[in-house]
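Below is one structure, written out as structure tokens, with a few remarks after it.
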Amino acid sequence: MRSPVVTVKELSVSIDGAKILEGLSLDVHENEFFGIVGPNGGGKTTLLRVILGLQKPTSGRVTVFGNEPLLSRKEIGYVPQLASFSRDFPISVRDAVLMGRLSRKKLFRPYDRQDLELVGKALETVGMTALKERHVAELSGGEMQRMLIARALVSQPRLLLLDEPTASIDPAMKTTIYDLLDTLKHEMTIIMVTHDTGTISRHVSRVACLNCRVTMTTGEQMTSEALSDTYHYPVTMVKHGERSDRPLRGEEE
Amino acid sequence: MQHAVWAALLASVACGVIGTYVVVRKIGFISGGIAHAAFGGIGIGYYLGINPLLGLIPFSLLSALGIGLLSKKGKMAEDTAIGAFWAAGMAAGVVFIGLTPGYAPDLFSYLFGSILTVPSSDLLMIAGLDVLILLVVALFFNEFLASSFDEEYAEASGIRTTVLYLVQLCLIALTVVVLVRVVGIVMVIALLTIPPAIARHFSRNILTMMVGSSLLCLLFMLAGLWLSYLFNVASGAMIILLAASVFMIIAAGRRLIGKT
């Protein structure tokens with residue numbers, strides 16, 4: 001039995017009086033590729049924020065590598081949603097990725113040669129070495145996502161958290177990102193929030209269907225019924241490469 | 001005149017560096033609030049019979065911390081906190097000046113600037129504040145960059161973003177003190193936003209944006225000073241009009257050639 005990397009016990013979170021998560025319990029194990037799906041407002045991003053230590057639980061407990069989330073920050077790489085920063089910020093890809101070293105850097109100390117070497121390696125891993133001097137405003141949606149993954153990887157994390165990394169990008173780039181994550185899952189534990197219910201089932205070992213409460217399933221066993229319960233309306237599973245007469249409403253969200 | 005050139009040179013350093021953070025963090029309105037609230041400090045300076053700039057420093061710092069804490073920790077809408085401090089500071093200034101016996105001789109120079117009348121003592125104070133501002137920016141450069149670019153990510157990396165934000169607001173407050181003699185508290189917001197906004201169009205990183213913004217600041221101040229002499233009008237207002245005109249021409253030009 002692999003040891004749990006993330007342990008969530010009876011977690012409840014309320015924000016401004018609104019109940020976001022209620023009585024949530026789950027474990028994520030070492031080198032597992034774990035998916036979280038669910039409707040908007042279902043608590044997916046909140047769960048990631050609790051694991052990152054950015055959101056305090058109302059009740060219950062979360063541990064990361066056996067410690068409080070704040071104490072494990074150095075071990076966590078985080079890929080936020082695109083909307084979390086302004087795209088016209090004057091910064092190059094290399095400098096943006098360098099920020100991933102912040103959790104390892106001491107205050108007042110500049111970045112050193114090792115930091116720069118790790119940035120080079122991370123950019124190579126995501127296939128963006130040629131774009132390192134490019135301004136972030138000049139990146140496509142897919143390139144931006146790969147840059148954010150590089151920023152997370154440069155901190156040499158043991159746990160990688162991704163918040164909808166395949167949103168708003170074309171299918172070819174989506175495949176590239178999934179291929180990259182399939183490679184990375186052998187080196188670290190991955191937790192990924194997504195609306196991409198059709199594709200994720202082929203890549204993850206388990207999925208949490210989250211809508212305030214959680215229903216656990218394996219990727220292969222993720223069914224239309226389980227998703228319908230989570231989304232509270234009929235959802236039809238479409239595996240890529242298959243056809244369906246009905247639209248996948250889970251993906252439309 | 002020599003003093004005016006020195007004042008322009010020294011003020012443009014703080015203006016370009018801190019103005020860059022104001023623009024990339026989109027906190028121009030907060031800067032305006034801090035600048036206007038600082039009028040209370042000028043009133044206190046007059047009331048106590050000391051150099052109004054000495055009253056301005058603690059008052060603008062307290063206003064910056066008040067606005068920052070209320071909006072970040074007090075769960076109050078940011079514009080509400082700014083509005084309250086903006087009006088209360090101005091009102092405090094009016095009350096203290098009203099309580100001061102006699103006439104407030106240089107009041108207009110603090111409200112609308114008077115770069116030609118900056119005394120040596122104020123130049124020394126501005127130079128000292130420049131050194132302090134540059135030192136703090138150099139120490140926290142990478143942390144400021146991270147929290148300005150992606151605050152949530154910086155926090156997830158263990159950076160104390162609220163503390164950094166408050167430090168940045170305090171630096172804005174000190175820059176207000178530096179710029180008051182040049183353009184006055186009413187128009188400080190323009191110098192903190194227009195030169196960096198123009199410089200951003202031509203900058204690939206935040207350091208070049210700071211340098212470009214400082215050079216533009218200096219150019220606007222010296223050219224505005226010359227134009228004010230030529231047309232015999234107030235220097236502070238001429239500096240701002242010149243900066244705003246260049247900003248609008250560049251914005252229109254970029255739109256015409258298809259760059260927004």
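In the structure tokens, each chain is lettered A, B, ... as it comes, each chain's residues begin at 1, and ligands are numbered from 1 in order of appearance.
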
Considering only C-alpha atoms, extract the chain A residues located within 7 Å of chain B and return them as a list in words. Leu52, Leu54, Arg73, Ser84, Phe85, Phe89, Pro90, Ile91, Ser92, Met99, Leu102, Ser103, Phe108 and His135 of chain A

Need to verify the contact set: Leu111 (chain B), 6 Å, only C-alpha atoms, exclusion of same-chain residues closer than 4 positions in sequence. Can you return it as a list of chain:residue names?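 Near neighbours after the sequence-gap exclusion: B:Gly184, B:Ile185, B:Val186.
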
Calculate how many Å separate CA of Leu65 (chain B) from CA of Phe108 (chain B), rounding to one decimal. 26.6 Å

With only C-alpha atoms as the counted atoms, please give the residues lying no more than 12 Å from Pro119 (chain B), apart from itself and same-chain residues fewer than 5 positions off, as number ranges by chain. B: 1-4, 6-7, 51, 53, 114, 124-126, 181-182

Selection export as a PDB file, in the first residue's frame, atoms kept: N, CA and C atoms:
```pdb
ATOM      1  N   MET B   1      16.238  78.019 -10.152  1.00  0.00           N
ATOM      2  CA  MET B   1      16.086  77.123 -11.315  1.00  0.00           C
ATOM      3  C   MET B   1      16.880  75.830 -11.136  1.00  0.00           C
ATOM      4  N   GLN B   2      18.096  75.996 -10.544  1.00  0.00           N
ATOM      5  CA  GLN B   2      18.920  74.812 -10.292  1.00  0.00           C
ATOM      6  C   GLN B   2      18.184  73.837  -9.371  1.00  0.00           C
ATOM      7  N   HIS B   3      17.535  74.394  -8.351  1.00  0.00           N
ATOM      8  CA  HIS B   3      16.765  73.571  -7.419  1.00  0.00           C
ATOM      9  C   HIS B   3      15.645  72.834  -8.146  1.00  0.00           C
ATOM     10  N   ALA B   4      15.025  73.515  -9.095  1.00  0.00           N
ATOM     11  CA  ALA B   4      13.917  72.907  -9.841  1.00  0.00           C
ATOM     12  C   ALA B   4      14.419  71.700 -10.641  1.00  0.00           C
ATOM     13  N   TRP B   6      17.100  69.863  -9.973  1.00  0.00           N
ATOM     14  CA  TRP B   6      17.416  68.807  -8.999  1.00  0.00           C
ATOM     15  C   TRP B   6      16.142  68.130  -8.500  1.00  0.00           C
ATOM     16  N   ALA B   7      15.120  68.932  -8.214  1.00  0.00           N
ATOM     17  CA  ALA B   7      13.846  68.370  -7.727  1.00  0.00           C
ATOM     18  C   ALA B   7      13.250  67.443  -8.787  1.00  0.00           C
ATOM     19  N   ASN B  51       7.531  72.060   9.206  1.00  0.00           N
ATOM     20  CA  ASN B  51       7.512  71.891   7.758  1.00  0.00           C
ATOM     21  C   ASN B  51       6.349  70.946   7.393  1.00  0.00           C
ATOM     22  N   LEU B  53       5.823  69.070   5.033  1.00  0.00           N
ATOM     23  CA  LEU B  53       6.253  67.756   4.534  1.00  0.00           C
ATOM     24  C   LEU B  53       6.482  66.780   5.687  1.00  0.00           C
ATOM     25  N   SER B 114       4.805  73.448  -6.944  1.00  0.00           N
ATOM     26  CA  SER B 114       5.547  74.660  -7.269  1.00  0.00           C
ATOM     27  C   SER B 114       7.033  74.286  -7.274  1.00  0.00           C
ATOM     28  N   LEU B 124      16.924  67.818   0.161  1.00  0.00           N
ATOM     29  CA  LEU B 124      17.631  66.802   0.949  1.00  0.00           C
ATOM     30  C   LEU B 124      16.666  65.713   1.398  1.00  0.00           C
ATOM     31  N   MET B 125      15.468  66.148   1.827  1.00  0.00           N
ATOM     32  CA  MET B 125      14.474  65.169   2.282  1.00  0.00           C
ATOM     33  C   MET B 125      14.058  64.258   1.118  1.00  0.00           C
ATOM     34  N   ILE B 126      13.843  64.863  -0.057  1.00  0.00           N
ATOM     35  CA  ILE B 126      13.449  64.081  -1.243  1.00  0.00           C
ATOM     36  C   ILE B 126      14.563  63.082  -1.609  1.00  0.00           C
ATOM     37  N   ARG B 181       5.829  68.508  -3.944  1.00  0.00           N
ATOM     38  CA  ARG B 181       6.437  69.799  -4.269  1.00  0.00           C
ATOM     39  C   ARG B 181       6.460  70.051  -5.779  1.00  0.00           C
ATOM     40  N   VAL B 182       6.429  68.960  -6.558  1.00  0.00           N
ATOM     41  CA  VAL B 182       6.559  69.103  -8.013  1.00  0.00           C
ATOM     42  C   VAL B 182       5.208  69.391  -8.671  1.00  0.00           C
TER      43      VAL B 182
END
```

Skipping near chain neighbours, those fewer than 3 positions away, what residues fall within 10 Å of Glu75 (chain A) using only C-alpha atoms, listed as JSON, numbers by chain? {"A": [64, 65, 69, 71, 72, 103, 104, 155, 156, 157, 158, 159, 160], "B": [157]}

Mind checking DSSP for region 65-211 of chain B and telling me the alpha helix (DSSP H) residues as a count of residues only? 114

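Note that the spacing between CA of Ile169 (chain A) and CA of Leu116 (chain A) amounts to 28.4 Å.
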
As a PyMOL selection string, please: every residue in region 26-212 of chain A that a backbone DSSP assignment puts in strand (DSSP E or B). chain A and resi 26-29+33-37+59-64+67+76-79+92+135+159-163+189-193+206-211

Keeping only N, CA, C and O atoms, write the selected residues as a compact mmCIF listing (two decimals), in the first residue's frame.
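Output saved as again-v4.txt:
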```txt
# COMPACT_ATOMS: atom_id res chain seq x y z
N LEU A 26 -10.98 12.08 1.65
CA LEU A 26 -10.31 11.32 0.57
C LEU A 26 -8.81 11.24 0.83
O LEU A 26 -8.26 12.05 1.59
N ASP A 27 -8.17 10.28 0.22
CA ASP A 27 -6.71 10.15 0.28
C ASP A 27 -6.18 10.15 -1.15
O ASP A 27 -6.80 9.58 -2.05
N VAL A 28 -5.05 10.79 -1.35
CA VAL A 28 -4.37 10.70 -2.65
C VAL A 28 -3.00 10.09 -2.37
O VAL A 28 -2.29 10.55 -1.46
N HIS A 29 -2.65 9.06 -3.13
CA HIS A 29 -1.43 8.30 -2.83
C HIS A 29 -0.25 8.70 -3.70
O HIS A 29 -0.43 9.36 -4.73
N PHE A 33 -2.16 9.74 -10.31
CA PHE A 33 -2.69 10.83 -11.12
C PHE A 33 -4.17 10.88 -10.78
O PHE A 33 -4.94 10.02 -11.17
N PHE A 34 -4.56 11.89 -10.01
CA PHE A 34 -5.88 11.95 -9.40
C PHE A 34 -6.68 13.08 -10.05
O PHE A 34 -6.20 14.22 -10.12
N GLY A 35 -7.88 12.79 -10.53
CA GLY A 35 -8.71 13.82 -11.16
C GLY A 35 -9.81 14.31 -10.24
O GLY A 35 -10.30 13.57 -9.39
N ILE A 36 -10.19 15.56 -10.40
CA ILE A 36 -11.34 16.12 -9.68
C ILE A 36 -12.24 16.78 -10.72
O ILE A 36 -11.81 17.69 -11.43
N VAL A 37 -13.48 16.27 -10.84
CA VAL A 37 -14.43 16.88 -11.77
C VAL A 37 -15.66 17.35 -11.00
O VAL A 37 -15.87 16.95 -9.85
N SER A 59 -14.08 23.14 9.24
CA SER A 59 -13.86 22.01 10.15
C SER A 59 -13.19 20.88 9.37
O SER A 59 -13.12 20.92 8.15
N GLY A 60 -12.69 19.90 10.10
CA GLY A 60 -11.99 18.80 9.45
C GLY A 60 -10.50 19.10 9.33
O GLY A 60 -10.02 20.13 9.81
N ARG A 61 -9.77 18.18 8.69
CA ARG A 61 -8.31 18.33 8.65
C ARG A 61 -7.75 17.88 7.30
O ARG A 61 -8.24 16.93 6.70
N VAL A 62 -6.75 18.59 6.87
CA VAL A 62 -6.04 18.22 5.64
C VAL A 62 -4.56 18.14 5.96
O VAL A 62 -4.00 19.05 6.58
N THR A 63 -3.92 17.04 5.57
CA THR A 63 -2.46 16.97 5.70
C THR A 63 -1.84 16.69 4.34
O THR A 63 -2.43 16.02 3.49
N VAL A 64 -0.66 17.25 4.13
CA VAL A 64 0.11 17.03 2.89
C VAL A 64 1.48 16.50 3.32
O VAL A 64 2.17 17.17 4.10
N ASN A 67 2.02 16.58 7.04
CA ASN A 67 2.10 17.86 7.77
C ASN A 67 0.93 18.78 7.40
O ASN A 67 0.20 18.52 6.45
N ILE A 76 5.14 21.41 -3.04
CA ILE A 76 3.97 21.49 -3.93
C ILE A 76 4.24 22.41 -5.11
O ILE A 76 4.69 23.54 -4.95
N GLY A 77 3.93 21.92 -6.31
CA GLY A 77 3.93 22.76 -7.51
C GLY A 77 2.49 23.08 -7.85
O GLY A 77 1.62 22.20 -7.74
N TYR A 78 2.22 24.30 -8.27
CA TYR A 78 0.83 24.71 -8.47
C TYR A 78 0.67 25.37 -9.83
O TYR A 78 1.41 26.28 -10.19
N VAL A 79 -0.31 24.90 -10.57
CA VAL A 79 -0.64 25.51 -11.87
C VAL A 79 -2.04 26.11 -11.75
O VAL A 79 -3.03 25.39 -11.77
N SER A 92 9.16 38.21 -19.24
CA SER A 92 9.49 37.16 -20.22
C SER A 92 9.13 35.80 -19.64
O SER A 92 8.92 35.65 -18.43
N HIS A 135 7.92 37.40 -24.62
CA HIS A 135 7.05 38.10 -23.68
C HIS A 135 5.80 37.25 -23.44
O HIS A 135 5.26 36.67 -24.39
N LEU A 159 4.45 16.99 -5.29
CA LEU A 159 3.00 17.00 -5.54
C LEU A 159 2.70 18.13 -6.51
O LEU A 159 3.09 19.28 -6.28
N LEU A 160 2.02 17.80 -7.61
CA LEU A 160 1.68 18.82 -8.61
C LEU A 160 0.17 19.02 -8.62
O LEU A 160 -0.59 18.07 -8.83
N LEU A 161 -0.28 20.26 -8.38
CA LEU A 161 -1.71 20.59 -8.41
C LEU A 161 -1.99 21.42 -9.65
O LEU A 161 -1.32 22.42 -9.89
N LEU A 162 -2.99 21.00 -10.43
CA LEU A 162 -3.33 21.74 -11.64
C LEU A 162 -4.81 22.11 -11.63
O LEU A 162 -5.66 21.24 -11.41
N ASP A 163 -5.11 23.38 -11.87
CA ASP A 163 -6.49 23.85 -11.87
C ASP A 163 -6.92 24.14 -13.31
O ASP A 163 -6.57 25.18 -13.87
N THR A 189 3.26 12.96 -7.62
CA THR A 189 1.82 12.79 -7.48
C THR A 189 1.13 13.97 -8.17
O THR A 189 1.59 15.11 -8.03
N ILE A 190 0.06 13.69 -8.90
CA ILE A 190 -0.62 14.78 -9.63
C ILE A 190 -2.10 14.81 -9.25
O ILE A 190 -2.77 13.78 -9.25
N ILE A 191 -2.57 16.00 -8.90
CA ILE A 191 -4.01 16.21 -8.68
C ILE A 191 -4.45 17.27 -9.68
O ILE A 191 -3.89 18.36 -9.73
N MET A 192 -5.46 16.92 -10.48
CA MET A 192 -5.87 17.83 -11.54
C MET A 192 -7.38 18.09 -11.50
O MET A 192 -8.19 17.17 -11.53
N VAL A 193 -7.74 19.37 -11.41
CA VAL A 193 -9.14 19.78 -11.50
C VAL A 193 -9.44 20.02 -12.96
O VAL A 193 -8.65 20.64 -13.67
N ARG A 206 -7.81 7.55 -10.41
CA ARG A 206 -9.09 7.73 -9.72
C ARG A 206 -9.62 9.13 -9.97
O ARG A 206 -8.86 10.05 -10.25
N VAL A 207 -10.95 9.28 -9.83
CA VAL A 207 -11.58 10.58 -10.02
C VAL A 207 -12.49 10.86 -8.82
O VAL A 207 -13.21 9.99 -8.35
N ALA A 208 -12.45 12.10 -8.32
CA ALA A 208 -13.42 12.54 -7.32
C ALA A 208 -14.45 13.39 -8.04
O ALA A 208 -14.10 14.39 -8.67
N CYS A 209 -15.71 12.97 -8.01
CA CYS A 209 -16.79 13.77 -8.58
C CYS A 209 -17.29 14.66 -7.46
O CYS A 209 -17.87 14.18 -6.48
N LEU A 210 -17.06 15.95 -7.59
CA LEU A 210 -17.23 16.87 -6.46
C LEU A 210 -18.32 17.89 -6.72
O LEU A 210 -18.29 18.62 -7.71
N ASN A 211 -19.31 17.87 -5.85
CA ASN A 211 -20.31 18.94 -5.85
C ASN A 211 -20.73 19.15 -4.41
O ASN A 211 -21.75 18.66 -3.96
```

Give me, please, the distance in Å between CA of Ser214 (chain B) and CA of Ser12 (chain B), quoted to one decimal.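 Between these atoms lies a distance of 5.0 Å.
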
Which residues, written as a list in words, have at least one atom at most 10 Å from His186 (chain A), with only C-alpha atoms counted and residues fewer than 6 positions away on the same chain left out?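 These residues fall inside the cut-off: Glu30, Asn31, Glu32 and Phe33 of chain A.
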
Which residue gives the smallest distance to Val17 (chain B) among B:Gly74, B:Gly32, B:Gly212, B:Gly98, with only C-alpha atoms counted? B:Gly212

Counting only C-alpha atoms, which of B:Met76, B:Ile97, B:Leu62, B:Leu171 gets nearest to Leu135 (chain B)? B:Leu171
